[in-house]
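Here the structure comes first, spelled out in C-alpha cells, and everything after it is commentary.
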Amino acid sequence: MKDKILLLIYLILLVFISLLRSLDVLLISLVVLFLVYLILPLKINKIKSLKKVFFTVSLFSGIVTLPYFVAGFFMGENRWYYFFVINLRTFELAFLTVIFLSKINLFKALDFSKNLTMLLVLVSGFVVTYSKTLKDFQDAFNSRTIEKKSSDPRIKKLHKKGCCFFLRKIQRNIPRNLPSDEVTRILL
Amino acid sequence: MIILKNIYYQYDSKVVLNDIHLSIKQKERIVILGINGCGKTTLLKILNALIFPQKGSYTYNDVLITEKKIREKDFSRRFRREVVLLFQNPDVMLFNPTVYDEIAFSLRQLQLNENEVKDRVLYWANLFELTSFLDLPPFKLSGGQKQKLCLACLLAIEPKFLLLDEPTANLDPKTSGWLIDLLYDLQIATVVTTHNISLAPELGERLIVMGENHRIIYDGPTMQFLNDKEKMLAAGLLHKHRHRHGNVEHSHYHFHDF
C-alpha cells in the first residue's frame with residue numbers, strides 16, 4: 001500500500017510542478033526538494049544521481065530552451081523568464097523522479113493490474129539484459145582494440161584526403177599579396 | 001609474468017573479490033573453478049585490465065597496471081596484444097560485417113599490409129574450419145562456430161596470455177574436445193574458468209578454486225584437489241542428493257557437469 005500511496009503523491013506533485021508558472025514558487029519548491037533529497041535516506045549515490053539530473057536538464061536545455069532563447073535574442077524578444085521557468089521546472093521534475101523512483105517499488109505500486117505488472121517485469125528484464133550486453137560489448141571492444149585510434153588503411157587514406165582537401169581550400173583562399181610568414185601562420 | 005597481490009573488488013556494496021594473491025607464468029595452463037557469483041569473470045576482467053582493483057596491485061612484466069597506465073598508447077598497444085580475453089558470450093565480441101573482417105580487425109591494427117592480413121586470415125580460418133564462411137556476417141554462424149571465430153580473432157595476433165571465460169559452456173561435446181586439443185597444443189599461458197569439473201584436468205595442470213567467500217581457497221595441482229572430497233565439499237563443488245541407480249534409490253556425494 002505504501003508504494004501505491006507514494007506513486008499517487010508522485011503523480012500529483014508531477015502535475016503540480018508542471019502547472020507552476022511563478023519563478024518564486026519554483027525556487028522555493030526547489031529548495032524544499034533539495035532539503036528532502038539531503039535528509040531522506042535514499043538507496044542511491046546522491047552525488048551521482050544529482051549529476052544525472054544535471055545532465056538530463058542540460059541536454060533538454062541545449063536542445064529546446066537554449067535555441068528558443070537565442071532565437072528570441074536575435075528577434076529582439078526577451079525570453080529570460082521563459083528560459084529560467086522551463087529549466088527550473090524540468091530540473092524539479094527530474095529531481096522528483098529520481099527521489100521517488102528510489103523510494104517506490106514499482107512492481108508493488110502497479111500490482112493492481114496483472115497485465116501492467118507483467119509488462120513491467122518484461123520491460124525491466126529486457127532493460128537489465130540489454131544493459132549487461134551493452135557493457136559486455138563495450139568491454140569486448142576495448143579488449144580487442146589494440147590501437148586506440150583506428151589505423152585502418154582505408155580510414156587513414158580518407159583522413160589524408162580530407163586533410164588535403166581542406167588544406168587546398170585554405171591555400172586557395174589566402175590572399176596572394178600576403179607576406180610569406182603570414183601565410184605560414186594561417187596554414188599552421 | 002602476471003602478479004596479483006591482495007586484490008579486492010566490489011560492485012556497489014557487494015564484495016566480489018577479496019584478498020586475491022595469484023601469479024601466472026609464461027606458458028602456464030591454469031583452470032579456475034568456483035560456484036556461480038564467486039568472482040571468476042571479475043578476476044578475468046581484472047587480468048585483462050578492463051576493470052581495475054579497488055585495493056591491491058596488479059603487475060604485468062613488472063609494470064603496475066592502472067587505469068592511467070592502460071591509457072598510455074604504447075603500453076596499451078603491447079598489453080592488448082599480449083593479454084587477450086575470450087568472453088563467455090561470443091556474440092558480444094563480434095561487431096564486423098563479415099567473418100573475414102572480424103579476423104582481420106585486430107590484424108589491421110597491427111599495421112600489417114593488406115596481403116599479410118589476408119594470408120593470416122586465411123591461415124586461421126583454415127585452422128578453425130571457417131574458410132567457407134569468410135563472406136558471411138558473423139551473426140549467421142552457429143554458437144560453436146562463433147566461439148571458434150572469436151578464438152581465431154584472438155589467436156591471430158599471437159598473444160602470450162589467453163584468458164577464457166567458460167569457453168565450453170555453449171559447446172557440444174565434440175567441439176569441447178576440439179577446443180581442449182587446441183588449448184593443449186598452444187604454446188602460450190592459458191587461464192580458463194569453468195563449471196565443468198570433469199574437464200578441469202584437461203584444461204590445466206594448475207587449479208585455482210574460488211570459494212563462496214570470494215577468496216582463493218585452493219591453488220595447486222588439479223588432480224590433488226579433485227581427489228580430495230573434503231576440499232570439494234568446502235568449495236561447494238560436491239553435493240549430496242537422492243537419485244536412482246536402476247531400481248535402487250539412494251544418496252551419495254557427487255558433482256554435476258554443466
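Lettering and numbering for the C-alpha cells are positional, with chains as A, B, ... in the shown order, residues counted from 1 in each chain, and ligands counted from 1 in the shown order.
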Task: Residue hits in chain B, query chain A, radius 6 Å, only C-alpha atoms, as a ChimeraX atom specification - done: /B:77,80,92-93,108-109
Could you write those residues out with C-alpha atoms, as a PDB file, in the first residue's frame?
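Written out: result.pdb:
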ATOM      1  CA  ARG B  77      49.209  -1.489 -27.621  1.00  0.00           C
ATOM      2  CA  ARG B  80      46.203  -5.575 -25.537  1.00  0.00           C
ATOM      3  CA  VAL B  92      29.464  -9.520 -27.727  1.00  0.00           C
ATOM      4  CA  MET B  93      32.877  -9.954 -29.377  1.00  0.00           C
ATOM      5  CA  ARG B 108      44.784  -4.356 -39.340  1.00  0.00           C
ATOM      6  CA  GLN B 109      45.504  -2.562 -36.078  1.00  0.00           C
TER       7      GLN B 109
END
- [ ] Mind checking which residues fall within 9 Å of Val15 in chain B, counting only C-alpha atoms, ignoring those fewer than 5 positions away in the same chain, and posting them as a PyMOL selection string?
- [x] chain B and resi 8-10+39+213-214
- [ ] Give me the residues within 9 Å of Leu27 in chain A as a PyMOL selection string, counting only C-alpha atoms and dropping any in the same chain fewer than 5 places off.
- [x] chain A and resi 22+32+88
Write out the residues from the selection above, keeping C-alpha atoms, as a PDB file, in the first residue's frame.
ATOM      1  CA  SER A  22       5.884  31.678 -10.857  1.00  0.00           C
ATOM      2  CA  VAL A  32      12.287  22.134  -0.369  1.00  0.00           C
ATOM      3  CA  LEU A  88      13.766  25.071 -13.309  1.00  0.00           C
TER       4      LEU A  88
END
Task: Exercise: Thr41 in chain B partners within 10 Å, only C-alpha atoms, chain neighbours under 3 positions left out, as a ChimeraX atom specification - done: /B:16,32,36-38,44-47,87-88,164-166,193
Selection file, C-alpha atoms, as an mmCIF file, in the first residue's frame:
data_model
loop_
_atom_site.group_PDB
_atom_site.id
_atom_site.type_symbol
_atom_site.label_atom_id
_atom_site.label_comp_id
_atom_site.auth_asym_id
_atom_site.auth_seq_id
_atom_site.Cartn_x
_atom_site.Cartn_y
_atom_site.Cartn_z
ATOM 1 C CA VAL B 16 33.248 -9.924 -5.460
ATOM 2 C CA ILE B 32 39.727 -21.697 -12.309
ATOM 3 C CA ASN B 36 28.272 -19.032 -9.592
ATOM 4 C CA GLY B 37 28.944 -15.486 -8.433
ATOM 5 C CA CYS B 38 32.245 -16.269 -6.726
ATOM 6 C CA LEU B 44 39.446 -12.370 -15.692
ATOM 7 C CA LYS B 45 38.306 -8.793 -16.388
ATOM 8 C CA ILE B 46 40.912 -7.504 -13.937
ATOM 9 C CA LEU B 47 43.576 -9.653 -15.611
ATOM 10 C CA PHE B 87 34.155 -13.651 -23.322
ATOM 11 C CA GLN B 88 31.570 -16.186 -22.231
ATOM 12 C CA LEU B 164 38.924 -17.856 -21.438
ATOM 13 C CA ASP B 165 35.640 -17.317 -19.602
ATOM 14 C CA GLU B 166 33.758 -20.619 -19.544
ATOM 15 C CA THR B 193 37.276 -20.599 -15.925
#
Open item on the list: Residues of range 11-135 of chain A classed as helix (DSSP H, G or I) by DSSP on the backbone are to be reported as a PyMOL selection string.
Closed with: chain A and resi 11-19+23-39+46-74+80-103+106-109+114-135
TODO: Excluding range 117-132 of chain A and any residue of its chain fewer than 4 positions from it, enumerate the residues within 9 Å of it, using only C-alpha atoms, and give them as a ChimeraX atom specification.
DONE: /A:106-108,110-113,136-137
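From CA of Glu158 in chain B back to CA of Asp181 in chain B, the distance works out to 17.7 Å.
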Task: DSSP strand (DSSP E or B) residues within range 61-209 of chain B, as number ranges by chain - done: B: 63-64, 83-86, 161-165, 189-194, 206-209
Kindly save the residues from that selection, with N, CA and C atoms included, as a compact mmCIF listing (two decimals), in the first residue's frame.
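Wrote again-v4.txt, looks like this:
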# COMPACT_ATOMS: atom_id res chain seq x y z
N VAL B 63 55.33 -4.18 -14.59
CA VAL B 63 54.68 -2.87 -14.77
C VAL B 63 53.36 -2.88 -14.01
N LEU B 64 53.18 -1.89 -13.15
CA LEU B 64 51.94 -1.81 -12.38
C LEU B 64 50.80 -1.38 -13.31
N VAL B 83 47.80 -9.83 -23.90
CA VAL B 83 46.82 -10.43 -22.98
C VAL B 83 45.43 -10.29 -23.60
N VAL B 84 44.82 -11.42 -23.94
CA VAL B 84 43.52 -11.35 -24.61
C VAL B 84 42.49 -12.17 -23.83
N LEU B 85 41.23 -11.79 -23.99
CA LEU B 85 40.15 -12.44 -23.23
C LEU B 85 39.05 -12.92 -24.16
N LEU B 86 38.68 -14.19 -23.99
CA LEU B 86 37.53 -14.74 -24.72
C LEU B 86 36.33 -14.65 -23.79
N PHE B 161 49.17 -14.40 -23.27
CA PHE B 161 48.27 -14.87 -22.21
C PHE B 161 46.85 -14.91 -22.78
N LEU B 162 46.26 -16.10 -22.78
CA LEU B 162 44.90 -16.25 -23.29
C LEU B 162 43.98 -16.54 -22.11
N LEU B 163 43.02 -15.63 -21.88
CA LEU B 163 42.06 -15.81 -20.78
C LEU B 163 40.74 -16.26 -21.39
N LEU B 164 40.17 -17.34 -20.86
CA LEU B 164 38.92 -17.86 -21.44
C LEU B 164 37.86 -17.97 -20.36
N ASP B 165 36.73 -17.31 -20.58
CA ASP B 165 35.64 -17.32 -19.60
C ASP B 165 34.61 -18.38 -20.00
N ALA B 189 50.38 -19.08 -22.27
CA ALA B 189 49.71 -19.26 -20.97
C ALA B 189 48.21 -19.19 -21.18
N THR B 190 47.48 -20.12 -20.58
CA THR B 190 46.01 -20.07 -20.68
C THR B 190 45.41 -20.08 -19.28
N VAL B 191 44.41 -19.25 -19.10
CA VAL B 191 43.66 -19.22 -17.83
C VAL B 191 42.20 -19.45 -18.19
N VAL B 192 41.65 -20.59 -17.77
CA VAL B 192 40.30 -20.97 -18.18
C VAL B 192 39.40 -21.07 -16.95
N THR B 193 38.25 -20.39 -16.99
CA THR B 193 37.28 -20.60 -15.92
C THR B 193 36.27 -21.62 -16.43
N THR B 194 35.81 -22.46 -15.55
CA THR B 194 34.82 -23.46 -15.98
C THR B 194 33.98 -23.95 -14.80
N ARG B 206 47.35 -26.74 -13.29
CA ARG B 206 47.25 -25.99 -12.02
C ARG B 206 45.81 -25.54 -11.84
N LEU B 207 45.27 -25.77 -10.66
CA LEU B 207 43.88 -25.42 -10.39
C LEU B 207 43.79 -24.33 -9.33
N ILE B 208 42.90 -23.38 -9.60
CA ILE B 208 42.61 -22.35 -8.60
C ILE B 208 41.12 -22.44 -8.29
N VAL B 209 40.80 -22.58 -7.03
CA VAL B 209 39.40 -22.69 -6.65
C VAL B 209 38.99 -21.45 -5.87
